[in-house]
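Novice: input.txt is reproduced below (compact mmCIF, C-alpha atoms).
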```
# COMPACT_ATOMS: atom_id res chain seq x y z
CA MET A 1 137.39 86.12 103.37
CA PRO A 2 137.45 85.29 107.05
CA HIS A 3 140.14 82.65 106.69
CA ASP A 4 142.77 84.69 104.94
CA HIS A 5 142.85 87.95 106.83
CA HIS A 6 145.93 89.15 108.65
CA ASP A 7 144.89 91.74 111.17
CA HIS A 8 142.00 90.08 113.01
CA LEU A 9 139.62 92.82 111.96
CA SER A 10 136.99 92.64 109.28
CA PRO A 11 136.75 95.33 106.58
CA SER A 12 134.20 97.15 108.74
CA GLY A 13 136.57 97.12 111.70
CA HIS A 14 134.83 94.50 113.79
CA PRO A 15 136.80 91.59 115.18
CA TYR A 16 136.08 88.26 113.64
CA ARG A 17 134.70 85.72 116.04
CA ALA A 18 137.40 83.38 117.30
CA ASP A 19 135.88 80.54 115.29
CA ASP A 20 137.21 81.94 112.06
CA ASP A 21 140.79 81.97 113.23
CA THR A 22 140.95 78.45 114.49
CA ALA A 23 140.70 75.00 113.04
CA LEU A 24 137.52 73.85 111.35
CA SER A 25 134.94 73.30 114.08
CA TYR A 26 132.63 70.34 114.41
CA TRP A 27 129.59 72.53 113.76
CA GLN A 28 131.14 74.18 110.73
CA SER A 29 131.77 70.72 109.30
CA MET A 30 128.12 69.93 109.96
CA GLU A 31 127.02 73.05 108.05
CA ILE A 32 129.17 72.04 105.07
CA ALA A 33 127.86 68.47 105.20
CA VAL A 34 124.19 69.53 105.49
CA ARG A 35 124.57 72.02 102.65
CA GLU A 36 126.27 69.53 100.35
CA LEU A 37 123.67 66.84 101.09
CA LEU A 38 120.87 69.29 100.31
CA LEU A 39 122.56 70.17 97.02
CA GLU A 40 123.19 66.52 96.11
CA LYS A 41 119.54 65.74 96.71
CA SER A 42 118.43 68.79 94.70
CA ILE A 43 116.57 70.20 97.67
CA THR A 44 118.25 73.54 97.07
CA THR A 45 120.80 75.03 94.68
CA PRO A 46 123.95 77.14 95.12
CA ALA A 47 122.11 80.02 93.41
CA GLU A 48 119.24 79.86 95.91
CA ILE A 49 121.64 79.94 98.84
CA ALA A 50 123.59 82.84 97.34
CA ALA A 51 120.40 84.78 96.62
CA GLN A 52 119.20 84.23 100.17
CA ILE A 53 122.47 85.54 101.60
CA ASP A 54 122.36 88.56 99.27
CA ALA A 55 118.81 89.35 100.35
CA MET A 56 119.89 89.05 103.97
CA ASP A 57 122.82 91.40 103.43
CA ALA A 58 120.59 93.92 101.65
CA ARG A 59 118.15 94.32 104.52
CA SER A 60 119.08 97.04 106.95
CA PRO A 61 117.57 99.34 109.54
CA ALA A 62 117.05 101.82 106.70
CA ASN A 63 113.88 99.86 105.87
CA GLY A 64 112.48 100.37 109.35
CA ALA A 65 113.60 104.00 109.39
CA ALA A 66 111.63 104.67 106.19
CA LEU A 67 108.58 103.12 107.81
CA VAL A 68 108.91 105.25 110.94
CA ALA A 69 109.50 108.45 108.96
CA ARG A 70 106.37 107.77 106.92
CA ALA A 71 104.39 107.25 110.12
CA TRP A 72 105.70 110.54 111.50
CA CYS A 73 104.64 112.42 108.35
CA ASP A 74 101.38 110.71 107.50
CA PRO A 75 98.85 110.27 110.32
CA ASP A 76 96.65 108.00 108.21
CA PHE A 77 99.58 105.73 107.49
CA LYS A 78 100.46 105.66 111.18
CA GLU A 79 96.92 104.61 111.99
CA ARG A 80 97.11 101.77 109.47
CA LEU A 81 100.53 100.78 110.78
CA LEU A 82 99.31 100.57 114.36
CA LYS A 83 96.27 98.60 113.26
CA ASP A 84 97.99 96.12 110.94
CA GLY A 85 101.77 96.41 110.85
CA SER A 86 102.25 93.66 108.26
CA ALA A 87 99.89 95.29 105.74
CA ALA A 88 101.29 98.77 106.28
CA SER A 89 104.86 97.49 105.79
CA ARG A 90 103.84 95.91 102.52
CA GLU A 91 102.63 99.31 101.34
CA LEU A 92 106.29 100.39 101.43
CA GLY A 93 107.46 97.18 99.80
CA PHE A 94 108.71 95.44 102.95
CA ASP A 95 107.16 92.02 103.05
CA VAL A 96 107.28 90.53 106.52
CA GLY A 97 106.09 87.14 105.32
CA PRO A 98 103.44 85.24 107.24
CA MET A 99 104.55 86.90 110.46
CA LEU A 100 102.31 89.28 112.32
CA LEU A 101 104.08 92.62 112.68
CA ILE A 102 102.95 94.72 115.59
CA ALA A 103 104.05 98.35 115.71
CA VAL A 104 104.07 99.92 119.15
CA GLU A 105 104.24 103.66 119.57
CA ASN A 106 106.29 105.59 122.09
CA THR A 107 104.48 108.59 123.53
CA ALA A 108 105.19 111.19 126.17
CA ASN A 109 104.32 108.67 128.90
CA ILE A 110 105.04 105.29 127.36
CA HIS A 111 108.31 103.75 126.25
CA ASN A 112 108.31 100.40 124.48
CA ILE A 113 111.17 97.94 124.30
CA ILE A 114 111.29 94.63 122.48
CA VAL A 115 113.02 91.39 123.36
CA CYS A 116 112.77 87.73 122.47
CA THR A 117 113.25 85.71 125.62
CA LEU A 118 112.97 82.44 123.68
CA CYS A 119 115.67 83.02 121.11
CA SER A 120 116.14 85.94 118.76
CA CYS A 121 112.87 86.70 116.96
CA TYR A 122 113.44 90.08 115.40
CA PRO A 123 111.81 92.13 112.62
CA ARG A 124 114.56 91.23 110.15
CA ASN A 125 112.77 92.51 107.09
CA LEU A 126 112.70 95.93 108.64
CA LEU A 127 115.97 95.93 110.60
CA GLY A 128 118.27 93.32 109.06
CA LEU A 129 119.94 90.69 111.23
CA PRO A 130 119.79 91.26 114.98
CA PRO A 131 122.82 92.64 116.80
CA ASP A 132 124.73 90.17 118.97
CA TRP A 133 123.53 91.70 122.21
CA TYR A 134 119.89 91.19 121.21
CA LYS A 135 120.60 87.46 121.10
CA SER A 136 122.61 87.45 124.31
CA ARG A 137 121.51 85.65 127.40
CA ALA A 138 121.95 88.81 129.47
CA TYR A 139 119.62 90.95 127.36
CA ARG A 140 116.99 88.24 127.08
CA SER A 141 117.02 87.41 130.76
CA ARG A 142 117.11 90.86 132.22
CA THR A 143 114.97 92.99 129.93
CA VAL A 144 111.74 91.45 131.20
CA LYS A 145 112.88 91.72 134.80
CA GLU A 146 114.63 95.07 135.10
CA PRO A 147 113.99 97.01 131.89
CA ARG A 148 114.80 100.37 133.43
CA LYS A 149 118.24 99.18 134.45
CA VAL A 150 118.85 97.60 131.05
CA LEU A 151 117.81 100.86 129.39
CA SER A 152 120.20 102.82 131.59
CA GLU A 153 123.04 100.59 130.40
CA PHE A 154 122.14 101.58 126.85
CA GLY A 155 122.32 105.21 127.93
CA VAL A 156 118.56 105.72 127.94
CA ALA A 157 117.39 107.47 131.09
CA LEU A 158 113.64 107.88 131.22
CA PRO A 159 111.69 110.09 133.61
CA GLU A 160 110.34 108.29 136.68
CA GLY A 161 106.78 108.64 135.47
CA THR A 162 107.34 106.99 132.09
CA HIS A 163 105.68 103.60 131.79
CA ILE A 164 107.92 100.99 130.22
CA ARG A 165 106.23 98.28 128.20
CA VAL A 166 108.31 95.22 127.41
CA HIS A 167 107.17 93.18 124.41
CA ASP A 168 108.32 89.58 124.17
CA SER A 169 108.40 88.42 120.54
CA THR A 170 107.25 84.99 119.52
CA ALA A 171 107.87 82.75 116.54
CA ASP A 172 104.82 84.17 114.76
CA MET A 173 104.87 87.72 116.00
CA ARG A 174 107.36 90.54 115.54
CA TYR A 175 107.40 93.94 117.14
CA VAL A 176 108.84 97.22 115.99
CA VAL A 177 108.93 100.38 118.06
CA ILE A 178 107.74 103.63 116.54
CA PRO A 179 109.81 106.13 118.50
CA ALA A 180 108.43 109.55 119.31
CA ARG A 181 109.27 112.20 116.72
CA PRO A 182 111.98 114.47 118.11
CA ASN A 183 111.16 118.08 118.82
CA GLY A 184 112.20 120.74 116.34
CA THR A 185 111.76 118.53 113.28
CA ASP A 186 108.55 120.07 111.96
CA LYS A 187 110.17 121.37 108.79
CA MET A 188 112.15 118.25 107.96
CA SER A 189 111.33 116.10 104.95
CA GLU A 190 110.49 112.44 105.25
CA SER A 191 113.93 111.38 104.01
CA GLU A 192 115.66 113.76 106.43
CA LEU A 193 113.55 112.38 109.25
CA ALA A 194 114.46 108.79 108.34
CA LYS A 195 118.11 109.63 109.02
CA LEU A 196 117.22 110.36 112.65
CA VAL A 197 115.75 106.91 113.18
CA THR A 198 118.37 104.57 114.57
CA ARG A 199 118.18 100.81 114.74
CA ASP A 200 118.15 100.86 118.54
CA SER A 201 115.33 103.41 118.61
CA MET A 202 113.18 100.85 116.79
CA ILE A 203 114.13 98.12 119.29
CA GLY A 204 113.50 100.49 122.17
CA THR A 205 117.04 100.43 123.54
CA GLY A 206 117.69 103.85 122.08
CA LEU A 207 116.04 107.10 121.10
CA PRO A 208 116.08 108.83 117.72
CA LYS A 209 118.83 111.34 117.04
CA THR A 210 117.93 114.85 118.05
CA VAL A 211 118.44 118.01 116.07
CA SER A 212 120.09 121.10 117.44
CA ALA A 213 117.62 123.94 117.73
CA MET B 1 115.76 82.40 130.36
CA GLY B 2 113.39 85.36 130.65
CA GLY B 3 113.49 86.81 134.14
CA GLN B 4 116.68 85.11 135.26
CA ASP B 5 119.59 87.00 136.71
CA ALA B 6 122.45 87.63 134.34
CA GLY B 7 125.48 89.86 133.99
CA PRO B 8 125.91 93.06 132.02
CA ILE B 9 124.84 93.11 128.39
CA CYS B 10 127.90 92.83 126.21
CA ASP B 11 127.81 95.14 123.23
CA ASP B 12 130.57 93.46 121.26
CA GLN B 13 129.53 93.04 117.68
CA HIS B 14 131.06 90.74 115.12
CA ASP B 15 130.46 90.48 111.43
CA PHE B 16 128.60 87.33 110.60
CA SER B 17 130.97 84.90 109.02
CA LEU B 18 130.12 83.06 105.85
CA TRP B 19 129.27 79.79 107.56
CA GLU B 20 126.85 81.61 109.88
CA LYS B 21 125.12 83.32 106.96
CA ARG B 22 124.84 79.96 105.26
CA VAL B 23 123.19 78.42 108.30
CA ASP B 24 120.72 81.29 108.29
CA ALA B 25 120.05 80.84 104.57
CA LEU B 26 119.55 77.08 104.91
CA MET B 27 117.11 77.67 107.74
CA ILE B 28 114.97 80.05 105.67
CA LEU B 29 115.18 77.98 102.47
CA CYS B 30 114.34 74.64 104.10
CA SER B 31 111.51 76.06 106.17
CA GLY B 32 110.13 77.70 103.00
CA LYS B 33 110.23 74.30 101.31
CA GLY B 34 108.25 72.73 104.13
CA TYR B 35 111.01 70.64 105.76
CA PHE B 36 110.28 72.10 109.16
CA THR B 37 108.45 74.87 110.92
CA VAL B 38 109.76 77.38 113.40
CA ASP B 39 108.09 75.23 116.06
CA GLY B 40 110.09 72.21 114.93
CA LEU B 41 113.33 74.15 115.24
CA ARG B 42 112.25 75.53 118.58
CA ARG B 43 111.58 72.03 119.92
CA ALA B 44 115.02 70.84 118.83
CA LEU B 45 116.62 73.86 120.51
CA GLU B 46 114.73 73.32 123.75
CA ASP B 47 115.65 69.62 123.75
CA MET B 48 119.34 70.54 123.77
CA GLY B 49 119.11 71.53 127.41
CA GLU B 50 120.43 74.53 129.22
CA ALA B 51 124.11 73.65 128.79
CA ALA B 52 123.86 74.13 125.01
CA PHE B 53 122.93 77.75 125.62
CA GLU B 54 126.17 78.27 127.54
CA ASP B 55 128.53 76.14 125.51
CA MET B 56 127.39 76.55 121.93
CA SER B 57 127.21 79.70 119.85
CA TYR B 58 123.95 80.87 118.34
CA TYR B 59 124.50 79.44 114.87
CA GLU B 60 125.96 76.25 116.27
CA ARG B 61 122.63 75.63 117.98
CA TRP B 62 120.79 76.51 114.79
CA ILE B 63 122.71 74.12 112.53
CA ALA B 64 122.17 71.36 115.10
CA ALA B 65 118.42 72.07 115.16
CA ILE B 66 118.17 72.32 111.36
CA ASN B 67 120.05 69.04 110.94
CA GLN B 68 117.85 67.22 113.43
CA ASN B 69 114.68 68.39 111.70
CA LEU B 70 115.99 67.48 108.23
CA ILE B 71 116.85 63.97 109.37
CA GLU B 72 113.46 63.56 111.04
CA LYS B 73 111.79 64.68 107.81
CA GLY B 74 113.84 62.20 105.80
CA ALA B 75 115.82 64.73 103.72
CA TYR B 76 118.85 62.46 104.34
CA SER B 77 119.79 59.80 106.84
CA LEU B 78 121.97 59.93 109.91
CA GLU B 79 124.38 57.58 108.12
CA GLU B 80 124.62 59.90 105.13
CA LEU B 81 125.33 62.81 107.45
CA GLY B 82 128.02 60.89 109.33
CA ALA B 83 129.75 59.85 106.12
CA LYS B 84 129.61 63.37 104.69
CA MET B 85 130.93 65.00 107.86
CA ALA B 86 133.82 62.53 107.98
CA GLU B 87 134.60 63.34 104.35
CA VAL B 88 134.44 67.09 105.04
CA GLN B 89 136.67 66.89 108.11
CA VAL B 90 139.60 65.31 106.27
CA ARG B 91 139.61 67.89 103.49
CA GLY B 92 141.63 70.45 105.41
CA GLN B 93 142.30 72.41 108.57
CA THR B 94 140.15 75.45 107.95
CA TYR B 95 136.58 76.16 106.98
CA GLY B 96 137.63 77.37 103.54
CA GLU B 97 139.58 74.20 102.78
CA ALA B 98 136.86 71.94 104.15
CA SER B 99 134.28 73.80 102.11
CA LEU B 100 136.43 73.28 99.00
CA GLY B 101 137.08 76.98 98.65
CA GLU B 102 133.39 77.68 98.21
```
Write the structure described by the file as structure tokens, please.

Specialist:
Amino acid sequence: MPHDHHDHLSPSGHPYRADDDTALSYWQSMEIAVRELLLEKSITTPAEIAAQIDAMDARSPANGAALVARAWCDPDFKERLLKDGSAASRELGFDVGPMLLIAVENTANIHNIIVCTLCSCYPRNLLGLPPDWYKSRAYRSRTVKEPRKVLSEFGVALPEGTHIRVHDSTADMRYVVIPARPNGTDKMSESELAKLVTRDSMIGTGLPKTVSA
Amino acid sequence: MGGQDAGPICDDQHDFSLWEKRVDALMILCSGKGYFTVDGLRRALEDMGEAAFEDMSYYERWIAAINQNLIEKGAYSLEELGAKMAEVQVRGQTYGEASLGE
């Protein structure tokens, strides 16, 4: 648990946020108080909270990668995905709730990148929880203003002629980028292709992995 | 926010701690039960002013917004919250102690 570690690193090697090493914060005490009040008033149960956290932990970019790989392999599916992202996701068992999911496709001339300038709207059901940088003030401020520079900081250098489309998510609308299928992957299976699809390639701050010829 | 100048994008990544996951879970559960909408949360966040976006962490802002909406909806009163927070804060020094080891 965060409060009894010794080396300041989590099991996955990431540093814990300073909060966890210091005294109980005001806001943490508010979370405990709100949770206990909701339980006392039977608005929710410990089991519901635990199940929600488990579901959250289970979602990962592998969901989105499966969706992209299917779109690469099945032109009809891709057409349905571009037309109605929410319905096409449900075909693969990924329910995006009442939200409208819009899939945007990268092509030879167009590169898409998604951001939420308001807060952190993110296609969680397809990608899991957003990375910290996605929620950062710097990413949210600058992506709409100087996307090419932001992309270069992520190591993505696009040709001069490539149009960059920035999509600003809203509370009711989520975007996912369908990256362009890498060259030399014609013989790969759908599951092999899914392994090439990185989280960042579906946000637009990265490209899929390439295969050596 | 959108379009403003800002420094480099920091790619530090931390594992979400338990209290942050719980805030996230409470947000989804309570909105599913009709206690607030995303718009209600959004309004509470905007009302915090720009300083909150510098001084508070992401989930700190969320628990504040969730709490405000729950009180407005009558899930519990401000007095109940105050009493519970005071009770929580004297339980111990750390989150684990204050959360009774849960």

Novice: Have a look at A:Met188, A:Leu126, A:Leu82, A:Ala138 and name the one nearest to chain B; count only C-alpha atoms.

Specialist: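 Under the stated criterion, the closest residue is A:Ala138.
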
Novice: Would you mind listing what lies within 7 Å of segment 25-41 of chain B as an MDAnalysis selection string, with all atoms listed in the file counted and same-chain residues fewer than 4 positions away left out?

Specialist: (chainID A and resid 49 52:53 171) or (chainID B and resid 21 45 65:66 69:70 73)

Novice: Using all atoms listed in the file for the distances, tell me which of A:Ser120, A:Tyr175, A:Cys73, A:Ala180 is nearest to Trp62 of chain B.

Specialist: A:Ser120

Novice: At a cut-off of 7 Å, which residues of chain B touch chain A? Count only C-alpha atoms and give the answer as a PyMOL selection string.

Specialist: chain B and resi 1-11+13-15+17+19+21+23+25+38+60+63+67+81+84-85+88-89+93-96+99

Novice: Could you jot down the atom CA of Asn112 of chain A to atom CA of Ser169 of chain A separation for me, Å, one decimal place?

Specialist: 12.6 Å

Novice: In the coordinates of the file, take the point (109.4, 109.4, 133.6) and a cut-off of 10 Å; then, counting only C-alpha atoms, name each qualifying protein, DNA or RNA residue as an mmCIF file with C-alpha atoms, in the coordinates of the input.

Specialist:
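Result file result-v8.cif:
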```cif
data_model
loop_
_atom_site.group_PDB
_atom_site.id
_atom_site.type_symbol
_atom_site.label_atom_id
_atom_site.label_comp_id
_atom_site.auth_asym_id
_atom_site.auth_seq_id
_atom_site.Cartn_x
_atom_site.Cartn_y
_atom_site.Cartn_z
ATOM 1 C CA ALA A 108 105.190 111.190 126.170
ATOM 2 C CA ASN A 109 104.320 108.670 128.900
ATOM 3 C CA ILE A 110 105.040 105.290 127.360
ATOM 4 C CA HIS A 111 108.310 103.750 126.250
ATOM 5 C CA ALA A 157 117.390 107.470 131.090
ATOM 6 C CA LEU A 158 113.640 107.880 131.220
ATOM 7 C CA PRO A 159 111.690 110.090 133.610
ATOM 8 C CA GLU A 160 110.340 108.290 136.680
ATOM 9 C CA GLY A 161 106.780 108.640 135.470
ATOM 10 C CA THR A 162 107.340 106.990 132.090
ATOM 11 C CA HIS A 163 105.680 103.600 131.790
ATOM 12 C CA ILE A 164 107.920 100.990 130.220
#
```

Novice: Figure out the distance between atom CA of Arg70 of chain A and atom CA of Ser189 of chain A, please, to one decimal in Å.

Specialist: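 One can read the atom CA of Ser189 of chain A to atom CA of Arg70 of chain A distance as 9.9 Å.
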
Novice: Please measure the separation of atom CA of Leu151 of chain A and atom CA of Val166 of chain A, giving the value in Å to one decimal.

Specialist: 11.2 Å

Novice: Which residues are near segment 90-107 of chain A? Cut-off 10 Å, all atoms listed in the file, ignore same chain within fewer than 3 positions. Put them as a ChimeraX atom specification.

Specialist: /A:59,63-64,66-68,70,77-78,80-87,110-114,123-126,162-165,167,169-181,201-202,204,207

Novice: Those residues you just picked out, can you put them in a file as a PDB file, in the frame of the given file with C-alpha atoms?

Specialist:
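Saved to selection-v2.pdb:
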```
ATOM      1  CA  ARG A  59     118.150  94.320 104.520  1.00  0.00           C
ATOM      2  CA  ASN A  63     113.880  99.860 105.870  1.00  0.00           C
ATOM      3  CA  GLY A  64     112.480 100.370 109.350  1.00  0.00           C
ATOM      4  CA  ALA A  66     111.630 104.670 106.190  1.00  0.00           C
ATOM      5  CA  LEU A  67     108.580 103.120 107.810  1.00  0.00           C
ATOM      6  CA  VAL A  68     108.910 105.250 110.940  1.00  0.00           C
ATOM      7  CA  ARG A  70     106.370 107.770 106.920  1.00  0.00           C
ATOM      8  CA  PHE A  77      99.580 105.730 107.490  1.00  0.00           C
ATOM      9  CA  LYS A  78     100.460 105.660 111.180  1.00  0.00           C
ATOM     10  CA  ARG A  80      97.110 101.770 109.470  1.00  0.00           C
ATOM     11  CA  LEU A  81     100.530 100.780 110.780  1.00  0.00           C
ATOM     12  CA  LEU A  82      99.310 100.570 114.360  1.00  0.00           C
ATOM     13  CA  LYS A  83      96.270  98.600 113.260  1.00  0.00           C
ATOM     14  CA  ASP A  84      97.990  96.120 110.940  1.00  0.00           C
ATOM     15  CA  GLY A  85     101.770  96.410 110.850  1.00  0.00           C
ATOM     16  CA  SER A  86     102.250  93.660 108.260  1.00  0.00           C
ATOM     17  CA  ALA A  87      99.890  95.290 105.740  1.00  0.00           C
ATOM     18  CA  ILE A 110     105.040 105.290 127.360  1.00  0.00           C
ATOM     19  CA  HIS A 111     108.310 103.750 126.250  1.00  0.00           C
ATOM     20  CA  ASN A 112     108.310 100.400 124.480  1.00  0.00           C
ATOM     21  CA  ILE A 113     111.170  97.940 124.300  1.00  0.00           C
ATOM     22  CA  ILE A 114     111.290  94.630 122.480  1.00  0.00           C
ATOM     23  CA  PRO A 123     111.810  92.130 112.620  1.00  0.00           C
ATOM     24  CA  ARG A 124     114.560  91.230 110.150  1.00  0.00           C
ATOM     25  CA  ASN A 125     112.770  92.510 107.090  1.00  0.00           C
ATOM     26  CA  LEU A 126     112.700  95.930 108.640  1.00  0.00           C
ATOM     27  CA  THR A 162     107.340 106.990 132.090  1.00  0.00           C
ATOM     28  CA  HIS A 163     105.680 103.600 131.790  1.00  0.00           C
ATOM     29  CA  ILE A 164     107.920 100.990 130.220  1.00  0.00           C
ATOM     30  CA  ARG A 165     106.230  98.280 128.200  1.00  0.00           C
ATOM     31  CA  HIS A 167     107.170  93.180 124.410  1.00  0.00           C
ATOM     32  CA  SER A 169     108.400  88.420 120.540  1.00  0.00           C
ATOM     33  CA  THR A 170     107.250  84.990 119.520  1.00  0.00           C
ATOM     34  CA  ALA A 171     107.870  82.750 116.540  1.00  0.00           C
ATOM     35  CA  ASP A 172     104.820  84.170 114.760  1.00  0.00           C
ATOM     36  CA  MET A 173     104.870  87.720 116.000  1.00  0.00           C
ATOM     37  CA  ARG A 174     107.360  90.540 115.540  1.00  0.00           C
ATOM     38  CA  TYR A 175     107.400  93.940 117.140  1.00  0.00           C
ATOM     39  CA  VAL A 176     108.840  97.220 115.990  1.00  0.00           C
ATOM     40  CA  VAL A 177     108.930 100.380 118.060  1.00  0.00           C
ATOM     41  CA  ILE A 178     107.740 103.630 116.540  1.00  0.00           C
ATOM     42  CA  PRO A 179     109.810 106.130 118.500  1.00  0.00           C
ATOM     43  CA  ALA A 180     108.430 109.550 119.310  1.00  0.00           C
ATOM     44  CA  ARG A 181     109.270 112.200 116.720  1.00  0.00           C
ATOM     45  CA  SER A 201     115.330 103.410 118.610  1.00  0.00           C
ATOM     46  CA  MET A 202     113.180 100.850 116.790  1.00  0.00           C
ATOM     47  CA  GLY A 204     113.500 100.490 122.170  1.00  0.00           C
ATOM     48  CA  LEU A 207     116.040 107.100 121.100  1.00  0.00           C
TER      49      LEU A 207
END
```
